[in-house]
>>> print(open('protein02.csv').read())   # CSV, C-alpha atoms and all ligand atoms
chain,number,residue,atom,x,y,z
P,202,MET,CA,-8.2,-1.0,18.3
P,203,ARG,CA,-9.8,2.3,17.6
P,204,ALA,CA,-11.1,2.9,14.1
P,205,VAL,CA,-13.4,5.0,12.0
P,206,ILE,CA,-16.5,2.9,11.3
P,207,ILE,CA,-19.1,3.7,8.7
P,208,ASP,CA,-22.0,1.5,9.7
P,209,LYS,CA,-24.1,2.6,6.7
P,210,PRO,CA,-24.2,5.7,4.5
P,211,GLY,CA,-24.3,8.8,6.6
P,212,GLU,CA,-23.6,7.0,9.9
P,213,ILE,CA,-20.0,7.5,10.9
P,214,ARG,CA,-18.5,6.8,14.3
P,215,ILE,CA,-15.2,6.2,16.1
P,216,GLY,CA,-15.4,2.8,17.7
P,217,THR,CA,-13.5,-0.3,18.7
P,218,VAL,CA,-13.0,-3.2,16.4
P,219,PRO,CA,-10.9,-6.4,17.0
P,220,ASP,CA,-7.1,-5.9,16.3
P,221,PRO,CA,-6.3,-7.4,12.9
P,222,THR,CA,-4.1,-10.5,12.8
P,223,PRO,CA,-1.9,-11.3,9.7
P,224,GLY,CA,-3.0,-13.9,7.2
P,225,PRO,CA,-0.2,-16.1,5.9
P,226,ASP,CA,0.8,-13.6,3.2
P,227,GLU,CA,-0.1,-10.4,5.1
P,228,LEU,CA,1.6,-7.7,7.2
P,229,ILE,CA,0.0,-5.8,10.0
P,230,VAL,CA,0.8,-2.1,9.7
P,231,LYS,CA,0.6,0.5,12.5
P,232,VAL,CA,-0.8,3.4,10.6
P,233,GLY,CA,1.4,6.5,10.6
P,234,ALA,CA,-0.8,8.7,8.3
P,235,CYS,CA,-3.8,8.2,6.1
P,236,GLY,CA,-5.1,10.8,3.6
P,237,ILE,CA,-8.7,11.7,3.0
P,238,CYS,CA,-9.8,11.8,-0.6
P,239,GLY,CA,-13.0,12.3,-2.6
P,240,THR,CA,-13.6,8.6,-2.6
P,241,ASP,CA,-13.9,8.7,1.2
P,242,LEU,CA,-16.7,11.4,0.8
P,243,HIS,CA,-18.5,9.1,-1.6
P,244,ILE,CA,-18.1,6.1,0.7
P,245,SER,CA,-19.4,8.0,3.6
P,246,GLU,CA,-22.5,8.9,1.6
P,247,GLY,CA,-23.2,5.6,0.0
P,248,GLU,CA,-22.1,6.9,-3.5
P,249,PHE,CA,-19.3,4.3,-4.1
P,250,PRO,CA,-21.3,1.3,-5.4
P,251,PRO,CA,-18.8,-1.5,-4.6
P,252,THR,CA,-18.6,-0.6,-0.9
P,253,PRO,CA,-20.1,-3.1,1.6
P,254,TYR,CA,-21.1,-1.7,5.1
P,255,PRO,CA,-20.0,-1.5,7.8
P,256,ILE,CA,-16.5,-0.6,6.6
P,257,VAL,CA,-13.4,1.0,8.0
P,258,PRO,CA,-12.3,3.4,5.2
P,259,GLY,CA,-8.9,4.8,4.4
P,260,HIS,CA,-6.8,3.8,1.4
P,261,GLU,CA,-3.9,6.4,1.2
P,262,PHE,CA,-1.6,5.3,3.9
P,263,ALA,CA,1.8,4.5,5.2
P,264,GLY,CA,3.1,3.1,8.5
P,265,GLU,CA,5.3,0.6,10.3
P,266,ILE,CA,5.1,-3.2,10.2
P,267,VAL,CA,4.2,-4.7,13.6
P,268,ALA,CA,3.4,-8.3,12.6
P,269,VAL,CA,4.3,-10.5,9.7
P,270,GLY,CA,2.4,-13.6,8.3
P,271,LYS,CA,4.0,-17.0,8.3
P,272,ASN,CA,4.5,-17.2,4.5
P,273,VAL,CA,6.1,-13.7,4.1
P,274,PRO,CA,9.7,-14.3,3.0
P,275,LYS,CA,12.4,-13.3,5.5
P,276,GLY,CA,14.3,-10.2,4.4
P,277,ASN,CA,12.7,-7.0,3.2
P,278,PHE,CA,9.5,-7.0,5.3
P,279,SER,CA,10.0,-7.4,9.0
P,280,VAL,CA,8.7,-5.9,12.2
P,281,GLY,CA,9.8,-2.2,12.3
P,282,THR,CA,10.0,-1.8,8.5
P,283,ARG,CA,8.4,1.4,7.2
P,284,ILE,CA,6.1,0.9,4.2
P,285,ALA,CA,3.4,2.5,2.0
P,286,ALA,CA,0.8,0.3,0.4
P,287,ASP,CA,-0.9,0.1,-3.0
P,288,PRO,CA,-4.5,-0.5,-1.9
P,289,SER,CA,-5.5,-2.3,-5.1
P,290,LEU,CA,-6.7,-5.9,-4.7
P,291,PHE,CA,-7.0,-7.5,-8.2
P,292,CYS,CA,-8.4,-11.0,-8.5
P,293,GLY,CA,-5.6,-12.1,-10.9
P,294,HIS,CA,-7.7,-14.5,-12.9
P,295,CYS,CA,-10.4,-12.5,-14.8
P,296,ILE,CA,-10.0,-11.6,-18.4
P,297,PHE,CA,-8.9,-8.0,-17.5
P,298,CYS,CA,-6.3,-9.1,-15.0
P,299,ARG,CA,-5.0,-11.6,-17.5
P,300,THR,CA,-4.6,-9.0,-20.2
P,301,GLY,CA,-2.8,-6.5,-18.0
P,302,HIS,CA,-5.7,-4.3,-17.0
P,303,GLY,CA,-6.0,-5.2,-13.3
P,304,ASN,CA,-7.5,-1.8,-12.4
P,305,LEU,CA,-10.5,-2.9,-14.5
P,306,CYS,CA,-10.8,-6.3,-12.7
P,307,LEU,CA,-14.2,-7.8,-12.7
P,308,GLU,CA,-13.8,-8.5,-9.0
P,309,TRP,CA,-12.0,-5.2,-8.2
P,310,ASN,CA,-11.4,-4.6,-4.5
P,311,ALA,CA,-9.3,-2.2,-2.6
P,312,ILE,CA,-8.2,-1.7,1.0
P,313,GLY,CA,-10.3,1.0,2.5
P,314,ASP,CA,-12.9,0.9,-0.3
P,315,THR,CA,-14.2,-2.6,-0.1
P,316,VAL,CA,-12.2,-4.2,2.7
P,317,ASP,CA,-11.2,-2.5,6.0
P,318,GLY,CA,-8.7,0.3,5.6
P,319,ALA,CA,-6.4,2.6,7.4
P,320,PHE,CA,-8.5,5.1,9.3
P,321,ALA,CA,-7.6,2.9,12.3
P,322,GLU,CA,-4.7,2.2,14.5
P,323,TYR,CA,-3.7,-0.9,12.5
P,324,VAL,CA,-4.5,-2.3,9.0
P,325,SER,CA,-3.6,-5.5,7.3
P,326,VAL,CA,-1.9,-5.4,3.9
P,327,PRO,CA,-0.9,-8.3,1.6
P,328,VAL,CA,2.9,-8.3,1.3
P,329,ALA,CA,2.6,-8.0,-2.5
P,330,ASN,CA,1.0,-4.5,-1.9
P,331,ALA,CA,3.7,-3.2,0.4
P,332,TYR,CA,6.5,-0.9,-0.8
P,333,LEU,CA,9.5,0.1,1.3
P,334,ILE,CA,9.9,3.8,1.9
P,335,PRO,CA,13.3,5.4,2.7
P,336,ASP,CA,13.9,7.0,6.1
P,337,HIS,CA,13.9,10.5,4.7
P,338,VAL,CA,10.3,10.2,3.6
P,339,SER,CA,7.9,10.9,6.5
P,340,PHE,CA,4.7,8.8,7.0
P,341,ARG,CA,2.7,11.9,6.0
P,342,GLU,CA,4.7,12.3,2.8
P,343,ALA,CA,4.5,8.5,2.1
P,344,ALA,CA,0.7,8.6,2.5
P,345,LEU,CA,0.7,10.9,-0.6
P,346,ILE,CA,2.2,8.1,-2.7
P,347,GLU,CA,-1.2,6.6,-3.5
P,348,PRO,CA,-2.7,9.7,-5.0
P,349,VAL,CA,0.6,10.3,-6.9
P,350,SER,CA,0.3,6.8,-8.3
P,351,CYS,CA,-3.2,7.6,-9.6
P,352,ALA,CA,-1.7,10.7,-11.3
P,353,VAL,CA,1.2,8.6,-12.7
P,354,HIS,CA,-1.4,6.2,-14.2
P,355,GLY,CA,-3.2,9.2,-15.7
P,356,ILE,CA,0.0,10.4,-17.4
P,357,HIS,CA,0.6,6.9,-18.7
P,358,ARG,CA,-2.9,6.9,-20.1
P,359,LEU,CA,-2.6,10.4,-21.6
P,360,GLU,CA,0.8,9.7,-23.2
P,361,PRO,CA,1.7,13.4,-23.7
P,362,LYS,CA,4.4,14.2,-26.2
P,363,LEU,CA,7.6,16.1,-25.4
P,364,GLY,CA,6.8,19.8,-25.7
P,365,ASP,CA,3.0,19.5,-25.5
P,366,SER,CA,1.0,22.4,-24.2
P,367,MET,CA,-1.3,21.3,-21.4
P,368,LEU,CA,-4.4,22.5,-19.6
P,369,ILE,CA,-5.5,21.1,-16.2
P,370,VAL,CA,-9.0,21.9,-15.1
P,371,GLY,CA,-9.3,21.6,-11.3
P,372,ALA,CA,-6.5,22.6,-8.9
P,373,GLY,CA,-7.3,20.3,-6.0
P,374,THR,CA,-4.8,17.7,-4.8
P,375,MET,CA,-5.0,15.6,-8.0
P,376,GLY,CA,-4.9,18.6,-10.4
P,377,LEU,CA,-1.8,19.9,-8.7
P,378,LEU,CA,-0.1,16.5,-8.6
P,379,LEU,CA,-0.8,16.1,-12.3
P,380,LEU,CA,0.6,19.6,-12.9
P,381,GLN,CA,3.9,18.6,-11.3
P,382,LEU,CA,4.1,15.3,-13.2
P,383,ALA,CA,3.2,16.9,-16.5
P,384,LEU,CA,6.1,19.4,-16.1
P,385,ARG,CA,8.4,16.5,-15.2
P,386,GLY,CA,7.0,14.5,-18.1
P,387,GLY,CA,8.0,17.0,-20.8
P,388,ALA,CA,5.1,19.4,-21.2
P,389,SER,CA,6.4,22.7,-22.5
P,390,ARG,CA,3.9,24.7,-20.5
P,391,VAL,CA,0.9,23.8,-18.3
P,392,ALA,CA,-2.0,26.1,-17.6
P,393,VAL,CA,-4.5,25.5,-14.7
P,394,MET,CA,-8.1,26.5,-14.4
P,395,ASP,CA,-10.1,26.6,-11.2
P,396,LEU,CA,-12.7,28.7,-9.5
P,397,ASN,CA,-10.7,28.9,-6.3
P,398,THR,CA,-8.1,31.7,-6.8
P,399,GLN,CA,-6.1,30.6,-3.7
P,400,ARG,CA,-5.5,27.3,-5.4
P,401,LEU,CA,-4.5,29.1,-8.6
P,402,THR,CA,-1.8,31.0,-6.7
P,403,LEU,CA,-0.5,27.7,-5.5
P,404,ALA,CA,-0.6,26.3,-9.0
P,405,GLU,CA,1.6,29.1,-10.2
P,406,LYS,CA,4.0,28.4,-7.4
P,407,LEU,CA,4.2,24.8,-8.6
P,408,GLY,CA,5.0,25.9,-12.1
P,409,ALA,CA,1.8,26.7,-14.0
P,410,TYR,CA,2.6,29.4,-16.6
P,411,LYS,CA,-0.9,30.7,-16.8
P,412,THR,CA,-3.9,30.3,-14.5
P,413,ALA,CA,-7.5,31.6,-14.8
P,414,THR,CA,-11.0,31.1,-13.5
P,415,ASN,CA,-12.4,30.8,-17.0
P,416,LEU,CA,-11.4,29.2,-20.3
P,417,ASP,CA,-11.6,32.2,-22.5
P,418,GLU,CA,-8.9,33.9,-20.6
P,419,LEU,CA,-6.6,30.9,-21.2
P,420,LEU,CA,-7.5,30.7,-24.9
P,421,SER,CA,-6.5,34.3,-25.2
P,422,VAL,CA,-2.9,33.1,-24.8
P,423,GLU,CA,-3.4,29.8,-26.5
P,424,PRO,CA,-5.9,30.6,-29.3
P,425,LEU,CA,-5.5,27.2,-31.0
P,426,GLY,CA,-6.2,25.4,-27.7
P,427,PHE,CA,-4.0,22.9,-25.8
P,428,ASP,CA,-2.4,19.7,-27.0
P,429,CYS,CA,-3.6,17.9,-23.9
P,430,VAL,CA,-6.5,18.8,-21.6
P,431,ILE,CA,-7.1,17.0,-18.3
P,432,ASP,CA,-10.3,17.3,-16.3
P,433,ALA,CA,-9.5,16.8,-12.6
P,434,THR,CA,-12.9,18.0,-11.4
P,435,GLY,CA,-15.5,15.3,-12.3
P,436,VAL,CA,-18.0,18.1,-12.7
P,437,ALA,CA,-20.1,17.9,-15.9
P,438,PRO,CA,-20.2,21.6,-16.8
P,439,ALA,CA,-16.5,21.9,-16.2
P,440,ILE,CA,-15.9,18.9,-18.5
P,441,GLU,CA,-18.0,20.5,-21.3
P,442,THR,CA,-16.0,23.7,-20.9
P,443,ALA,CA,-12.6,21.9,-20.8
P,444,LEU,CA,-13.4,20.0,-24.1
P,445,ARG,CA,-13.6,23.4,-25.8
P,446,GLY,CA,-9.9,23.9,-24.8
P,447,VAL,CA,-8.6,21.0,-26.8
P,448,LYS,CA,-6.5,21.8,-29.9
P,449,ARG,CA,-7.2,20.1,-33.2
P,450,GLY,CA,-5.5,16.7,-33.1
P,451,GLY,CA,-5.3,17.0,-29.3
P,452,LYS,CA,-6.3,14.7,-26.4
P,453,PHE,CA,-8.7,15.0,-23.6
P,454,MET,CA,-8.5,13.0,-20.4
P,455,VAL,CA,-11.4,12.3,-18.0
P,456,PHE,CA,-9.5,11.9,-14.7
P,457,GLY,CA,-11.9,13.4,-12.2
P,458,VAL,CA,-14.7,11.1,-10.8
P,459,ALA,CA,-18.0,12.3,-12.2
P,460,HIS,CA,-21.3,11.1,-10.8
P,461,LYS,CA,-22.4,7.9,-12.5
P,462,GLU,CA,-25.6,9.5,-13.9
P,463,ALA,CA,-23.8,12.7,-15.0
P,464,ARG,CA,-24.0,13.5,-18.8
P,465,VAL,CA,-22.2,16.0,-20.9
P,466,ALA,CA,-23.0,17.2,-24.4
P,467,ILE,CA,-20.2,16.7,-26.9
P,468,SER,CA,-20.0,17.5,-30.6
P,469,PRO,CA,-19.3,14.3,-32.5
P,470,PHE,CA,-18.5,16.5,-35.5
P,471,SER,CA,-15.7,18.2,-33.6
P,472,ILE,CA,-14.3,14.8,-32.4
P,473,TYR,CA,-14.3,13.7,-36.0
P,474,ASN,CA,-13.3,16.9,-37.8
P,475,ASP,CA,-10.6,17.9,-35.2
P,476,GLU,CA,-9.4,14.3,-34.6
P,477,ILE,CA,-9.8,14.6,-30.8
P,478,THR,CA,-8.8,11.6,-28.7
P,479,ILE,CA,-10.7,11.1,-25.4
P,480,VAL,CA,-9.2,8.8,-22.8
P,481,GLY,CA,-10.2,7.8,-19.2
P,482,SER,CA,-8.0,7.0,-16.3
P,483,MET,CA,-9.1,4.9,-13.3
P,484,ALA,CA,-7.1,4.4,-10.1
P,485,VAL,CA,-3.7,2.7,-10.1
P,486,LEU,CA,-2.1,0.3,-12.6
P,487,ASN,CA,1.6,-0.5,-12.6
P,488,SER,CA,2.2,3.0,-11.3
P,489,TYR,CA,2.9,2.6,-7.6
P,490,GLN,CA,6.6,2.0,-7.6
P,491,GLN,CA,7.1,5.1,-9.9
P,492,ALA,CA,5.1,7.1,-7.4
P,493,VAL,CA,7.4,5.8,-4.5
P,494,ASP,CA,10.4,6.9,-6.5
P,495,LEU,CA,8.9,10.3,-7.5
P,496,VAL,CA,8.0,11.2,-3.9
P,497,SER,CA,11.4,9.8,-2.6
P,498,GLY,CA,13.3,11.7,-5.2
P,499,GLY,CA,11.7,15.0,-4.4
P,500,ALA,CA,9.7,15.4,-7.7
P,501,ILE,CA,6.6,16.3,-5.7
P,502,ASN,CA,6.4,19.4,-3.5
P,503,THR,CA,4.9,17.5,-0.5
P,504,LYS,CA,5.1,20.6,1.7
P,505,ALA,CA,2.7,22.4,-0.6
P,506,MET,CA,0.4,19.5,-0.9
P,507,LEU,CA,0.0,18.5,2.7
P,508,THR,CA,-2.2,20.7,4.8
P,509,GLU,CA,-4.0,19.9,8.1
P,510,ALA,CA,-3.6,16.6,10.0
P,511,PHE,CA,-6.2,15.4,12.6
P,512,PRO,CA,-6.3,12.7,15.2
P,513,LEU,CA,-8.6,9.7,14.6
P,514,GLU,CA,-11.2,11.1,17.1
P,515,GLU,CA,-11.6,14.2,14.9
P,516,PHE,CA,-12.4,12.3,11.7
P,517,SER,CA,-15.8,13.9,11.1
P,518,GLN,CA,-14.3,17.4,11.4
P,519,ALA,CA,-11.5,16.4,9.0
P,520,LEU,CA,-14.1,15.1,6.5
P,521,LEU,CA,-16.0,18.3,6.8
P,522,ASN,CA,-12.9,20.3,6.0
P,523,VAL,CA,-12.4,18.2,2.8
P,524,ARG,CA,-16.1,18.6,1.9
P,525,GLN,CA,-15.8,22.4,2.2
P,526,GLY,CA,-12.6,22.4,0.1
P,527,LYS,CA,-10.4,23.7,2.9
P,528,GLY,CA,-6.7,23.2,2.4
P,529,LEU,CA,-5.4,20.5,0.1
P,530,LYS,CA,-4.5,17.0,1.3
P,531,THR,CA,-6.0,16.5,4.8
P,532,GLN,CA,-4.7,13.5,6.7
P,533,ILE,CA,-5.5,11.5,9.8
P,534,LEU,CA,-2.8,10.4,12.2
P,535,PRO,CA,-4.4,7.4,13.9
P,536,ASN,CA,-1.6,6.9,16.4
P,537,GLY,CA,-1.1,10.6,17.2
P,601,ZN,ZN,-7.8,8.4,-2.9
P,602,ZN,ZN,-9.5,-9.6,-12.1
>>> encode(input="protein02.csv", output="structure tokens")
Amino acid sequence: MRAVIIDKPGEIRIGTVPDPTPGPDELIVKVGACGICGTDLHISEGEFPPTPYPIVPGHEFAGEIVAVGKNVPKGNFSVGTRIAADPSLFCGHCIFCRTGHGNLCLEWNAIGDTVDGAFAEYVSVPVANAYLIPDHVSFREAALIEPVSCAVHGIHRLEPKLGDSMLIVGAGTMGLLLLQLALRGGASRVAVMDLNTQRLTLAEKLGAYKTATNLDELLSVEPLGFDCVIDATGVAPAIETALRGVKRGGKFMVFGVAHKEARVAISPFSIYNDEITIVGSMAVLNSYQQAVDLVSGGAINTKAMLTEAFPLEEFSQALLNVRQGKGLKTQILPNG
């Protein structure tokens, strides 16, 4: 089959690899659509430490089952069934898995991050990771479920209270998904900050009550700051700025993926004196089914989120678009 192969950091090609065959508990999925995310940029550049090379990337995907392993129970999952997949592969027996923190697994793996993924005609998926998608949800929409499930986990971690004011810093795919979930989750008002004014216009369309390219403009309408502030940029100076936007007694969530060596200056006195809570949110944990339901139920404006789609052969061009910040969620359609 045809696949995107990253031989080593910086060396990407479209090539041929053997067709996958299903292990006893696996499904083979003909990929309908697979989204490109920031992690793929990091993998292509050798900046995602757990990745072994060569690898076929692609972890935000949906498609149709074409083969079924011998232990897969008859019924829900058969040839022709449309599914989306949680890419997480937790070991199940480390201390973190056993205490309900599979996303912090000591042997954390994920389809498309550490084992071959879905920028290919076919991908193999453990049946435990497969979720049925209704007919009215297209493969392109279903490939958004994975990023939505990351955002759902973020909201689980943040635990906003009904009526909270919220600020989201970064209006990329994740920031705009968090915006939509926050409004669903009971925030009274959500402001969005980004340097890209086009994205701010979209944020307003999606329900942001106030947008700006700088914090001071937002603090002019919320002089006490926001109950919850989410960083969805992973950029150190943006995080330092965002922290200034937290109200006394409020919460700050680090959601964006910063560089491992990045550092920010914080005031321990403010954390103490203003009783600020800082939380992190990493990937997906018990949040995939909710994301299936949210996308299926129309809670996410998928039309606004999905921009260009490319054939497999144009992966490098698609990756470049993402790197340049063009559009929002760019996807690959490996089977045309
Ligand atoms: Zn992703
Ligand atoms: Zn584990």
>>> residues_near_ligand(input="protein02.csv", ligand="ligand ZN 601 (chain P)", cutoff="8 Å", atoms="all atoms listed in the file", output="ChimeraX atom specification")
/P:236-241,260-261,347-348
>>> residues_near_ligand(input="protein02.csv", ligand="ligand ZN 602 (chain P)", cutoff="10 Å", atoms="all atoms listed in the file", output="list in words")
Leu290, Phe291, Cys292, Gly293, His294, Cys295, Ile296, Phe297, Cys298, Arg299, Thr300, Gly301, His302, Gly303, Asn304, Leu305, Cys306, Leu307, Glu308, Trp309 and Asn310 of chain P
>>> residues_around(input="protein02.csv", residues="P:Asp475", least_positions_apart="6", cutoff="9 Å", atoms="all atoms listed in the file", output="list in words")
Lys448, Arg449, Gly450 and Gly451 of chain P
>>> residues_around(input="protein02.csv", residues="P:Leu380", least_positions_apart="6", cutoff="10 Å", atoms="only C-alpha atoms", output="list in words")
Ala352, Met367, Leu368, Ile369, Ala372, Thr374, Gly386, Ala388, Arg390, Val391, Ala392, Val393, Ala404, Glu405, Leu407, Gly408, Ala409, Ile431 and Ile501 of chain P
>>> atom_distance(input="protein02.csv", atom1="atom CA of P:Val370", atom2="atom CA of P:Leu419")
11.1 Å
>>> residues_around(input="protein02.csv", residues="P:Leu401", least_positions_apart="5", cutoff="9 Å", atoms="all atoms listed in the file", output="list in words")
Ala372, Val393, Met394, Asp395, Leu396, Lys406, Ala409, Thr412, Ala413 and Thr414 of chain P
>>> residues_around(input="protein02.csv", residues="P:Pro219", least_positions_apart="3", cutoff="12 Å", atoms="only C-alpha atoms", output="short mmCIF file (atom, residue, chain, number, x, y, z; two decimals) with C-alpha atoms, in the frame of the given file")
data_model
loop_
_atom_site.label_atom_id
_atom_site.label_comp_id
_atom_site.auth_asym_id
_atom_site.auth_seq_id
_atom_site.Cartn_x
_atom_site.Cartn_y
_atom_site.Cartn_z
CA MET P 202 -8.20 -1.00 18.30
CA ARG P 203 -9.80 2.30 17.60
CA ALA P 204 -11.10 2.90 14.10
CA GLY P 216 -15.40 2.80 17.70
CA THR P 222 -4.10 -10.50 12.80
CA VAL P 257 -13.40 1.00 8.00
CA ASP P 317 -11.20 -2.50 6.00
CA ALA P 321 -7.60 2.90 12.30
CA GLU P 322 -4.70 2.20 14.50
CA TYR P 323 -3.70 -0.90 12.50
CA VAL P 324 -4.50 -2.30 9.00
#
>>> closest_residue(input="protein02.csv", among="P:Val338, P:Ala268, P:Ala466, P:Leu513", to="P:Ile206", atoms="all atoms listed in the file")
P:Leu513
>>> closest_residue(input="protein02.csv", among="P:Val458, P:Ala437, P:Val422, P:Ala492", to="P:Leu379", atoms="all atoms listed in the file")
P:Ala492
>>> closest_residue(input="protein02.csv", among="P:Leu363, P:Ala329, P:Ile346, P:Val205", to="P:Tyr489", atoms="only C-alpha atoms")
P:Ile346
>>> closest_residue(input="protein02.csv", among="P:Tyr254, P:Phe511, P:Phe427, P:Phe453", to="P:Thr531", atoms="all atoms listed in the file")
P:Phe511
